[in-house]
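Heads up, run-v7.cif below (mmCIF, C-alpha atoms, pLDDT in the B column; chains and numbers go by the auth columns):
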data_model
loop_
_atom_site.group_PDB
_atom_site.id
_atom_site.type_symbol
_atom_site.label_atom_id
_atom_site.label_comp_id
_atom_site.label_asym_id
_atom_site.label_seq_id
_atom_site.Cartn_x
_atom_site.Cartn_y
_atom_site.Cartn_z
_atom_site.B_iso_or_equiv
_atom_site.auth_seq_id
_atom_site.auth_asym_id
ATOM 1 C CA MET A 1 28.597 -61.811 6.458 78.00 1 A
ATOM 2 C CA LYS A 2 31.665 -63.796 7.549 88.00 2 A
ATOM 3 C CA GLN A 3 32.995 -62.972 11.017 93.00 3 A
ATOM 4 C CA ILE A 4 36.757 -62.763 11.557 95.00 4 A
ATOM 5 C CA LEU A 5 38.488 -62.476 14.918 96.00 5 A
ATOM 6 C CA ILE A 6 41.837 -60.650 14.839 97.00 6 A
ATOM 7 C CA ALA A 7 44.119 -61.503 17.766 96.00 7 A
ATOM 8 C CA GLU A 8 46.797 -58.824 17.456 95.00 8 A
ATOM 9 C CA ASP A 9 48.247 -56.538 20.132 93.00 9 A
ATOM 10 C CA GLU A 10 50.069 -54.116 17.825 91.00 10 A
ATOM 11 C CA GLU A 11 47.500 -51.375 17.183 91.00 11 A
ATOM 12 C CA ARG A 12 48.890 -50.340 13.798 90.00 12 A
ATOM 13 C CA ILE A 13 48.644 -53.850 12.376 91.00 13 A
ATOM 14 C CA ALA A 14 45.241 -54.519 13.955 93.00 14 A
ATOM 15 C CA ALA A 15 43.857 -51.283 12.476 91.00 15 A
ATOM 16 C CA PHE A 16 45.338 -52.138 9.076 90.00 16 A
ATOM 17 C CA LEU A 17 43.727 -55.590 9.134 92.00 17 A
ATOM 18 C CA GLU A 18 40.361 -54.252 10.290 91.00 18 A
ATOM 19 C CA LYS A 19 40.284 -51.598 7.596 88.00 19 A
ATOM 20 C CA GLY A 20 41.185 -54.014 4.801 88.00 20 A
ATOM 21 C CA LEU A 21 38.888 -56.837 5.898 91.00 21 A
ATOM 22 C CA LYS A 22 35.901 -54.525 6.347 89.00 22 A
ATOM 23 C CA ALA A 23 36.516 -53.127 2.852 83.00 23 A
ATOM 24 C CA ALA A 24 36.541 -56.734 1.574 84.00 24 A
ATOM 25 C CA GLY A 25 33.111 -57.381 3.114 85.00 25 A
ATOM 26 C CA PHE A 26 33.994 -59.085 6.407 91.00 26 A
ATOM 27 C CA ALA A 27 32.870 -58.248 9.934 92.00 27 A
ATOM 28 C CA THR A 28 35.793 -57.996 12.371 94.00 28 A
ATOM 29 C CA THR A 29 36.494 -58.120 16.095 95.00 29 A
ATOM 30 C CA VAL A 30 39.890 -57.417 17.666 96.00 30 A
ATOM 31 C CA ALA A 31 41.325 -59.224 20.704 95.00 31 A
ATOM 32 C CA LYS A 32 44.392 -57.472 22.155 95.00 32 A
ATOM 33 C CA ASN A 33 45.774 -60.438 24.110 96.00 33 A
ATOM 34 C CA GLY A 34 45.666 -64.218 24.114 94.00 34 A
ATOM 35 C CA ALA A 35 43.304 -64.629 27.048 94.00 35 A
ATOM 36 C CA GLU A 36 40.797 -62.274 25.421 95.00 36 A
ATOM 37 C CA ALA A 37 41.101 -64.211 22.146 95.00 37 A
ATOM 38 C CA VAL A 38 40.281 -67.575 23.754 95.00 38 A
ATOM 39 C CA ILE A 39 37.217 -66.133 25.509 94.00 39 A
ATOM 40 C CA ALA A 40 36.052 -64.453 22.299 94.00 40 A
ATOM 41 C CA VAL A 41 36.298 -67.677 20.288 94.00 41 A
ATOM 42 C CA PHE A 42 34.062 -69.589 22.685 91.00 42 A
ATOM 43 C CA ASP A 43 31.653 -66.698 23.288 89.00 43 A
ATOM 44 C CA GLY A 44 31.345 -65.609 19.667 86.00 44 A
ATOM 45 C CA ASN A 45 30.419 -67.136 16.341 88.00 45 A
ATOM 46 C CA PHE A 46 33.522 -66.571 14.242 93.00 46 A
ATOM 47 C CA ASP A 47 34.380 -68.097 10.875 93.00 47 A
ATOM 48 C CA LEU A 48 38.160 -67.612 11.138 96.00 48 A
ATOM 49 C CA LEU A 49 40.823 -66.473 13.597 97.00 49 A
ATOM 50 C CA ILE A 50 43.890 -64.457 12.566 97.00 50 A
ATOM 51 C CA LEU A 51 46.339 -65.188 15.371 96.00 51 A
ATOM 52 C CA ASP A 52 49.546 -63.305 16.128 94.00 52 A
ATOM 53 C CA LEU A 53 52.146 -65.396 17.959 92.00 53 A
ATOM 54 C CA GLY A 54 53.566 -62.601 20.120 91.00 54 A
ATOM 55 C CA LEU A 55 50.459 -61.836 22.165 94.00 55 A
ATOM 56 C CA PRO A 56 50.634 -60.746 25.826 93.00 56 A
ATOM 57 C CA GLU A 57 49.113 -62.794 28.692 91.00 57 A
ATOM 58 C CA LYS A 58 48.829 -65.913 26.519 92.00 58 A
ATOM 59 C CA ASN A 59 51.001 -66.141 23.430 93.00 59 A
ATOM 60 C CA GLY A 60 49.743 -67.499 20.119 92.00 60 A
ATOM 61 C CA TRP A 61 51.239 -70.945 20.730 92.00 61 A
ATOM 62 C CA THR A 62 49.266 -71.271 23.964 94.00 62 A
ATOM 63 C CA VAL A 63 46.060 -69.981 22.360 95.00 63 A
ATOM 64 C CA LEU A 64 46.377 -72.511 19.533 94.00 64 A
ATOM 65 C CA GLU A 65 47.041 -75.344 21.992 93.00 65 A
ATOM 66 C CA GLU A 66 44.078 -74.408 24.193 93.00 66 A
ATOM 67 C CA LEU A 67 41.624 -74.046 21.322 93.00 67 A
ATOM 68 C CA ARG A 68 42.583 -77.309 19.660 92.00 68 A
ATOM 69 C CA GLY A 69 42.811 -79.094 23.010 91.00 69 A
ATOM 70 C CA GLN A 70 39.197 -78.132 23.749 90.00 70 A
ATOM 71 C CA GLY A 71 37.955 -79.375 20.375 88.00 71 A
ATOM 72 C CA GLN A 72 37.613 -75.981 18.703 90.00 72 A
ATOM 73 C CA ASN A 73 37.923 -76.487 14.928 90.00 73 A
ATOM 74 C CA LEU A 74 37.755 -72.834 13.879 92.00 74 A
ATOM 75 C CA PRO A 75 40.193 -72.143 10.982 94.00 75 A
ATOM 76 C CA ILE A 76 43.279 -70.440 12.412 95.00 76 A
ATOM 77 C CA LEU A 77 45.697 -68.411 10.295 95.00 77 A
ATOM 78 C CA ILE A 78 48.947 -67.600 12.095 94.00 78 A
ATOM 79 C CA LEU A 79 50.680 -64.226 11.729 90.00 79 A
ATOM 80 C CA SER A 80 54.290 -64.058 12.843 85.00 80 A
ATOM 81 C CA ALA A 81 57.435 -62.000 12.420 80.00 81 A
ATOM 82 C CA TYR A 82 59.377 -65.266 12.612 76.00 82 A
ATOM 83 C CA ASP A 83 60.023 -67.187 9.407 71.00 83 A
ATOM 84 C CA ASP A 84 61.707 -70.301 10.760 76.00 84 A
ATOM 85 C CA ILE A 85 60.625 -73.454 8.930 80.00 85 A
ATOM 86 C CA LYS A 86 60.711 -75.502 12.166 81.00 86 A
ATOM 87 C CA ASP A 87 58.207 -73.118 13.766 80.00 87 A
ATOM 88 C CA LYS A 88 55.947 -73.311 10.731 82.00 88 A
ATOM 89 C CA VAL A 89 55.978 -77.104 10.754 85.00 89 A
ATOM 90 C CA ALA A 90 55.346 -77.234 14.518 86.00 90 A
ATOM 91 C CA LEU A 91 52.415 -74.821 14.284 87.00 91 A
ATOM 92 C CA LEU A 92 50.831 -76.622 11.347 87.00 92 A
ATOM 93 C CA ASP A 93 51.297 -79.964 13.115 87.00 93 A
ATOM 94 C CA GLY A 94 49.768 -78.361 16.223 89.00 94 A
ATOM 95 C CA GLY A 95 46.547 -77.493 14.427 91.00 95 A
ATOM 96 C CA ALA A 96 47.111 -74.190 12.601 92.00 96 A
ATOM 97 C CA ASN A 97 45.524 -74.090 9.155 92.00 97 A
ATOM 98 C CA ASP A 98 47.960 -71.655 7.573 91.00 98 A
ATOM 99 C CA TYR A 99 50.936 -69.429 8.379 91.00 99 A
ATOM 100 C CA ILE A 100 51.945 -66.073 6.912 89.00 100 A
ATOM 101 C CA SER A 101 55.075 -64.129 7.839 85.00 101 A
ATOM 102 C CA LYS A 102 55.271 -60.411 8.598 81.00 102 A
ATOM 103 C CA PRO A 103 55.580 -58.158 6.680 79.00 103 A
ATOM 104 C CA PHE A 104 52.841 -59.440 4.386 82.00 104 A
ATOM 105 C CA SER A 105 50.790 -58.318 1.411 82.00 105 A
ATOM 106 C CA PHE A 106 47.136 -57.781 2.282 85.00 106 A
ATOM 107 C CA GLN A 107 46.048 -59.313 -1.031 83.00 107 A
ATOM 108 C CA GLU A 108 47.984 -62.491 -0.220 84.00 108 A
ATOM 109 C CA LEU A 109 46.420 -62.590 3.247 89.00 109 A
ATOM 110 C CA LEU A 110 42.966 -62.095 1.717 88.00 110 A
ATOM 111 C CA ALA A 111 43.557 -64.939 -0.732 86.00 111 A
ATOM 112 C CA ARG A 112 44.625 -67.261 2.091 88.00 112 A
ATOM 113 C CA ILE A 113 41.539 -66.291 4.113 92.00 113 A
ATOM 114 C CA ARG A 114 39.301 -67.105 1.152 89.00 114 A
ATOM 115 C CA VAL A 115 40.948 -70.509 0.797 86.00 115 A
ATOM 116 C CA GLN A 116 40.333 -71.347 4.462 89.00 116 A
ATOM 117 C CA LEU A 117 36.717 -70.183 4.382 88.00 117 A
ATOM 118 C CA ARG A 118 36.139 -72.150 1.190 82.00 118 A
ATOM 119 C CA ASN A 119 37.711 -75.275 2.675 76.00 119 A
ATOM 120 C CA ASN A 120 35.610 -74.916 5.807 70.00 120 A
ATOM 121 C CA ASN A 121 32.372 -74.634 3.863 63.00 121 A
ATOM 122 C CA CYS A 122 30.449 -77.797 3.065 43.00 122 A
ATOM 123 C CA ALA A 123 29.372 -76.464 -0.308 44.00 123 A
ATOM 124 C CA PRO A 124 32.169 -75.900 -2.853 44.00 124 A
ATOM 125 C CA ALA A 125 32.475 -72.473 -4.415 47.00 125 A
ATOM 126 C CA ARG A 126 30.712 -72.164 -7.744 49.00 126 A
ATOM 127 C CA SER A 127 32.978 -71.523 -10.718 47.00 127 A
ATOM 128 C CA GLU A 128 31.267 -68.213 -11.493 49.00 128 A
ATOM 129 C CA GLU A 129 32.116 -66.983 -7.993 52.00 129 A
ATOM 130 C CA MET A 130 35.797 -67.334 -8.861 70.00 130 A
ATOM 131 C CA LEU A 131 35.576 -64.955 -11.835 82.00 131 A
ATOM 132 C CA LEU A 132 36.062 -61.191 -11.809 85.00 132 A
ATOM 133 C CA SER A 133 35.382 -59.180 -14.953 87.00 133 A
ATOM 134 C CA VAL A 134 35.136 -55.607 -16.162 89.00 134 A
ATOM 135 C CA GLY A 135 34.579 -54.952 -19.844 87.00 135 A
ATOM 136 C CA ASP A 136 36.551 -57.575 -21.750 89.00 136 A
ATOM 137 C CA ILE A 137 38.985 -58.287 -18.899 92.00 137 A
ATOM 138 C CA VAL A 138 38.190 -61.596 -17.168 92.00 138 A
ATOM 139 C CA VAL A 139 40.221 -62.994 -14.271 90.00 139 A
ATOM 140 C CA ASN A 140 39.853 -66.480 -12.785 86.00 140 A
ATOM 141 C CA LEU A 141 40.873 -66.198 -9.121 78.00 141 A
ATOM 142 C CA LEU A 142 41.306 -69.953 -8.760 71.00 142 A
ATOM 143 C CA THR A 143 43.543 -70.622 -11.783 78.00 143 A
ATOM 144 C CA ARG A 144 44.918 -67.045 -11.909 82.00 144 A
ATOM 145 C CA GLU A 145 44.196 -67.023 -15.632 89.00 145 A
ATOM 146 C CA ILE A 146 43.768 -63.551 -17.167 92.00 146 A
ATOM 147 C CA ARG A 147 41.962 -62.997 -20.459 93.00 147 A
ATOM 148 C CA VAL A 148 41.841 -59.641 -22.220 92.00 148 A
ATOM 149 C CA GLY A 149 39.500 -59.845 -25.184 89.00 149 A
ATOM 150 C CA ASP A 150 40.636 -62.862 -27.183 89.00 150 A
ATOM 151 C CA ARG A 151 44.141 -63.084 -25.714 92.00 151 A
ATOM 152 C CA PHE A 152 45.602 -64.451 -22.492 94.00 152 A
ATOM 153 C CA VAL A 153 48.005 -62.398 -20.394 94.00 153 A
ATOM 154 C CA GLU A 154 50.580 -63.483 -17.803 93.00 154 A
ATOM 155 C CA LEU A 155 51.063 -61.248 -14.765 91.00 155 A
ATOM 156 C CA SER A 156 53.456 -61.266 -11.831 89.00 156 A
ATOM 157 C CA ALA A 157 52.033 -61.726 -8.324 83.00 157 A
ATOM 158 C CA LYS A 158 52.057 -57.966 -7.614 86.00 158 A
ATOM 159 C CA GLU A 159 50.565 -57.119 -11.018 91.00 159 A
ATOM 160 C CA PHE A 160 47.817 -59.678 -10.434 90.00 160 A
ATOM 161 C CA ALA A 161 47.086 -58.228 -6.984 87.00 161 A
ATOM 162 C CA ILE A 162 46.763 -54.685 -8.390 91.00 162 A
ATOM 163 C CA LEU A 163 44.449 -55.848 -11.176 93.00 163 A
ATOM 164 C CA GLU A 164 42.309 -57.801 -8.686 89.00 164 A
ATOM 165 C CA THR A 165 42.021 -54.667 -6.539 88.00 165 A
ATOM 166 C CA PHE A 166 40.807 -52.654 -9.535 91.00 166 A
ATOM 167 C CA LEU A 167 38.348 -55.368 -10.585 89.00 167 A
ATOM 168 C CA ARG A 168 36.795 -55.570 -7.112 83.00 168 A
ATOM 169 C CA ALA A 169 36.029 -51.830 -7.153 82.00 169 A
ATOM 170 C CA PRO A 170 35.734 -51.037 -10.869 81.00 170 A
ATOM 171 C CA LYS A 171 34.057 -47.636 -10.530 82.00 171 A
ATOM 172 C CA ARG A 172 36.287 -46.443 -7.741 88.00 172 A
ATOM 173 C CA ILE A 173 39.375 -44.272 -8.024 91.00 173 A
ATOM 174 C CA MET A 174 42.160 -46.070 -6.159 90.00 174 A
ATOM 175 C CA THR A 175 44.742 -43.804 -4.542 90.00 175 A
ATOM 176 C CA ARG A 176 48.393 -44.772 -4.468 89.00 176 A
ATOM 177 C CA GLU A 177 48.146 -45.159 -0.689 86.00 177 A
ATOM 178 C CA GLN A 178 45.216 -47.588 -1.007 85.00 178 A
ATOM 179 C CA LEU A 179 47.087 -49.693 -3.563 88.00 179 A
ATOM 180 C CA LEU A 180 50.204 -49.686 -1.382 86.00 180 A
ATOM 181 C CA ASP A 181 48.129 -50.853 1.600 80.00 181 A
ATOM 182 C CA ARG A 182 46.341 -53.621 -0.261 80.00 182 A
ATOM 183 C CA VAL A 183 49.200 -54.991 -2.338 83.00 183 A
ATOM 184 C CA TRP A 184 52.379 -54.227 -0.381 80.00 184 A
ATOM 185 C CA GLY A 185 50.859 -54.325 3.092 73.00 185 A
ATOM 186 C CA TYR A 186 51.275 -52.207 6.197 65.00 186 A
ATOM 187 C CA ASN A 187 55.077 -52.197 5.879 64.00 187 A
ATOM 188 C CA HIS A 188 55.264 -50.108 2.696 65.00 188 A
ATOM 189 C CA GLU A 189 57.237 -46.870 2.478 70.00 189 A
ATOM 190 C CA PRO A 190 55.046 -43.724 2.262 67.00 190 A
ATOM 191 C CA GLY A 191 55.813 -41.711 -0.865 70.00 191 A
ATOM 192 C CA SER A 192 57.152 -44.706 -2.773 77.00 192 A
ATOM 193 C CA ASN A 193 56.640 -44.620 -6.558 88.00 193 A
ATOM 194 C CA VAL A 194 56.362 -48.416 -6.785 91.00 194 A
ATOM 195 C CA VAL A 195 52.624 -48.174 -7.584 92.00 195 A
ATOM 196 C CA ASP A 196 53.303 -45.970 -10.618 93.00 196 A
ATOM 197 C CA VAL A 197 55.950 -48.424 -11.801 94.00 197 A
ATOM 198 C CA TYR A 198 53.612 -51.423 -11.545 94.00 198 A
ATOM 199 C CA VAL A 199 50.683 -49.592 -13.140 95.00 199 A
ATOM 200 C CA GLY A 200 53.082 -48.955 -16.024 95.00 200 A
ATOM 201 C CA TYR A 201 53.810 -52.699 -16.229 95.00 201 A
ATOM 202 C CA LEU A 202 50.074 -53.453 -16.268 95.00 202 A
ATOM 203 C CA ARG A 203 49.417 -50.945 -19.034 95.00 203 A
ATOM 204 C CA LYS A 204 52.055 -52.603 -21.198 95.00 204 A
ATOM 205 C CA LYS A 205 50.407 -56.006 -20.725 94.00 205 A
ATOM 206 C CA LEU A 206 46.713 -55.070 -20.707 93.00 206 A
ATOM 207 C CA GLY A 207 46.793 -52.111 -23.096 91.00 207 A
ATOM 208 C CA SER A 208 48.059 -48.582 -22.569 87.00 208 A
ATOM 209 C CA ASP A 209 44.579 -47.036 -22.216 87.00 209 A
ATOM 210 C CA ARG A 210 43.012 -49.638 -19.890 91.00 210 A
ATOM 211 C CA ILE A 211 43.958 -47.821 -16.676 93.00 211 A
ATOM 212 C CA GLU A 212 43.077 -44.150 -16.391 93.00 212 A
ATOM 213 C CA THR A 213 45.172 -41.663 -14.426 93.00 213 A
ATOM 214 C CA VAL A 214 43.045 -39.327 -12.319 92.00 214 A
ATOM 215 C CA ARG A 215 45.383 -36.400 -11.833 89.00 215 A
ATOM 216 C CA GLY A 216 46.164 -35.620 -8.224 88.00 216 A
ATOM 217 C CA VAL A 217 44.157 -38.596 -6.939 90.00 217 A
ATOM 218 C CA GLY A 218 45.200 -41.986 -8.327 92.00 218 A
ATOM 219 C CA TYR A 219 44.066 -44.546 -10.887 94.00 219 A
ATOM 220 C CA ARG A 220 40.837 -46.077 -12.148 92.00 220 A
ATOM 221 C CA LEU A 221 40.142 -49.055 -14.396 91.00 221 A
ATOM 222 C CA LYS A 222 38.150 -48.109 -17.495 86.00 222 A
ATOM 223 C CA GLN A 223 34.700 -49.721 -17.641 75.00 223 A
ATOM 224 C CA GLN A 224 34.615 -50.356 -21.367 67.00 224 A
ATOM 225 C CA PRO A 225 37.343 -51.761 -23.600 58.00 225 A
ATOM 226 C CA PRO A 226 39.080 -49.101 -25.695 56.00 226 A
ATOM 227 C CA GLY A 227 37.845 -48.526 -29.238 55.00 227 A
#
For this file, write the structure as structure tokens.
Amino acid sequence: MKQILIAEDEERIAAFLEKGLKAAGFATTVAKNGAEAVIAVFDGNFDLLILDLGLPEKNGWTVLEELRGQGQNLPILILSAYDDIKDKVALLDGGANDYISKPFSFQELLARIRVQLRNNNCAPARSEEMLLSVGDIVVNLLTREIRVGDRFVELSAKEFAILETFLRAPKRIMTREQLLDRVWGYNHEPGSNVVDVYVGYLRKKLGSDRIETVRGVGYRLKQQPPG
């Protein structure tokens, strides 16, 4: 199991990341300040560090500088509320592997984590590991190609993220809150009907009876193709 260190002092975001990453099959540890993060990296055996820039004691810039200055080549993904291109360039030049701005979609974060772990692995991912399928729906995570039976379908980024969520837990009923968390991130508005709207879009593209409504609970992807 891949080990991810989360250096984040805001409890709400740290809890959101822990919950999502554990559900995706990762083991997680949280460091609440920069000094704790540096110690954890050298004491632990982590595969990736998610690093917030606004940490107390030592900020993310200092943590990045210290780790790279001491020869630590752990993949580091920066989280920041700042979206200035100069900061992004400086951080990437300073040794960060990737940068994602807050607020963020958890599915996008998960995809970026997978890329870094794949790049840091000596053995390339096998093509079959990049495919998700249920019934006659097949999705290639690398090319983002979607096939439904004998036809190909184009989806928006949010539609793709919802479908991927369903495909990763095909027997599970996904609540609206779970879909909001995974696709729109921690910054979504409770009570929003955006999930219902996007499920409607997916039904139009995949087939109206591909996604089942479980009244009072949420949605579930049907296991077998209709008919």
Determine, counting all atoms listed in the file, every residue of protein, DNA or RNA that lies within 10 Å of (39.6, -62.5, 14.5) in the file coordinates, then give the result as a list in words.
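Here is the list of nearby residues: Gln3, Ile4, Leu5, Ile6, Ala7, Glu8, Ala14, Leu17, Glu18, Ala27, Thr28, Thr29, Val30, Ala31, Ala37, Ala40, Val41, Phe46, Asp47, Leu48, Leu49, Ile50, Leu51, Ile76 and Leu77 of chain A.
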Using all atoms listed in the file, which residues sit within 8 Å of region 79-95 of chain A once same-chain residues fewer than 3 positions away are excluded, as a ChimeraX atom specification?
/A:50-54,61,64-65,68,98-103
Taking the file above as input, evaluate the PyMOL selection byres ((chain A and resi 203) around 12) and report the hits as a ChimeraX atom specification.
/A:148,153,155,159,162-163,196-202,204-213,219,221-222
Tell me which of A:Val217, A:Ala157, A:Ala35, A:Ala96 sits closest to Thr175 (chain A), counting all atoms listed in the file.
A:Val217
Around (37.8, -64.3, -25.0) in the file's own coordinates, what residues are found within 9 Å if you use all atoms listed in the file, given back as a PyMOL selection string?
chain A and resi 136-138+147-152
Selected residues, C-alpha atoms, written as a compact mmCIF listing (two decimals), in the frame of the given file, please.
# COMPACT_ATOMS: atom_id res chain seq x y z
CA ASP A 136 36.55 -57.58 -21.75
CA ILE A 137 38.98 -58.29 -18.90
CA VAL A 138 38.19 -61.60 -17.17
CA ARG A 147 41.96 -63.00 -20.46
CA VAL A 148 41.84 -59.64 -22.22
CA GLY A 149 39.50 -59.84 -25.18
CA ASP A 150 40.64 -62.86 -27.18
CA ARG A 151 44.14 -63.08 -25.71
CA PHE A 152 45.60 -64.45 -22.49
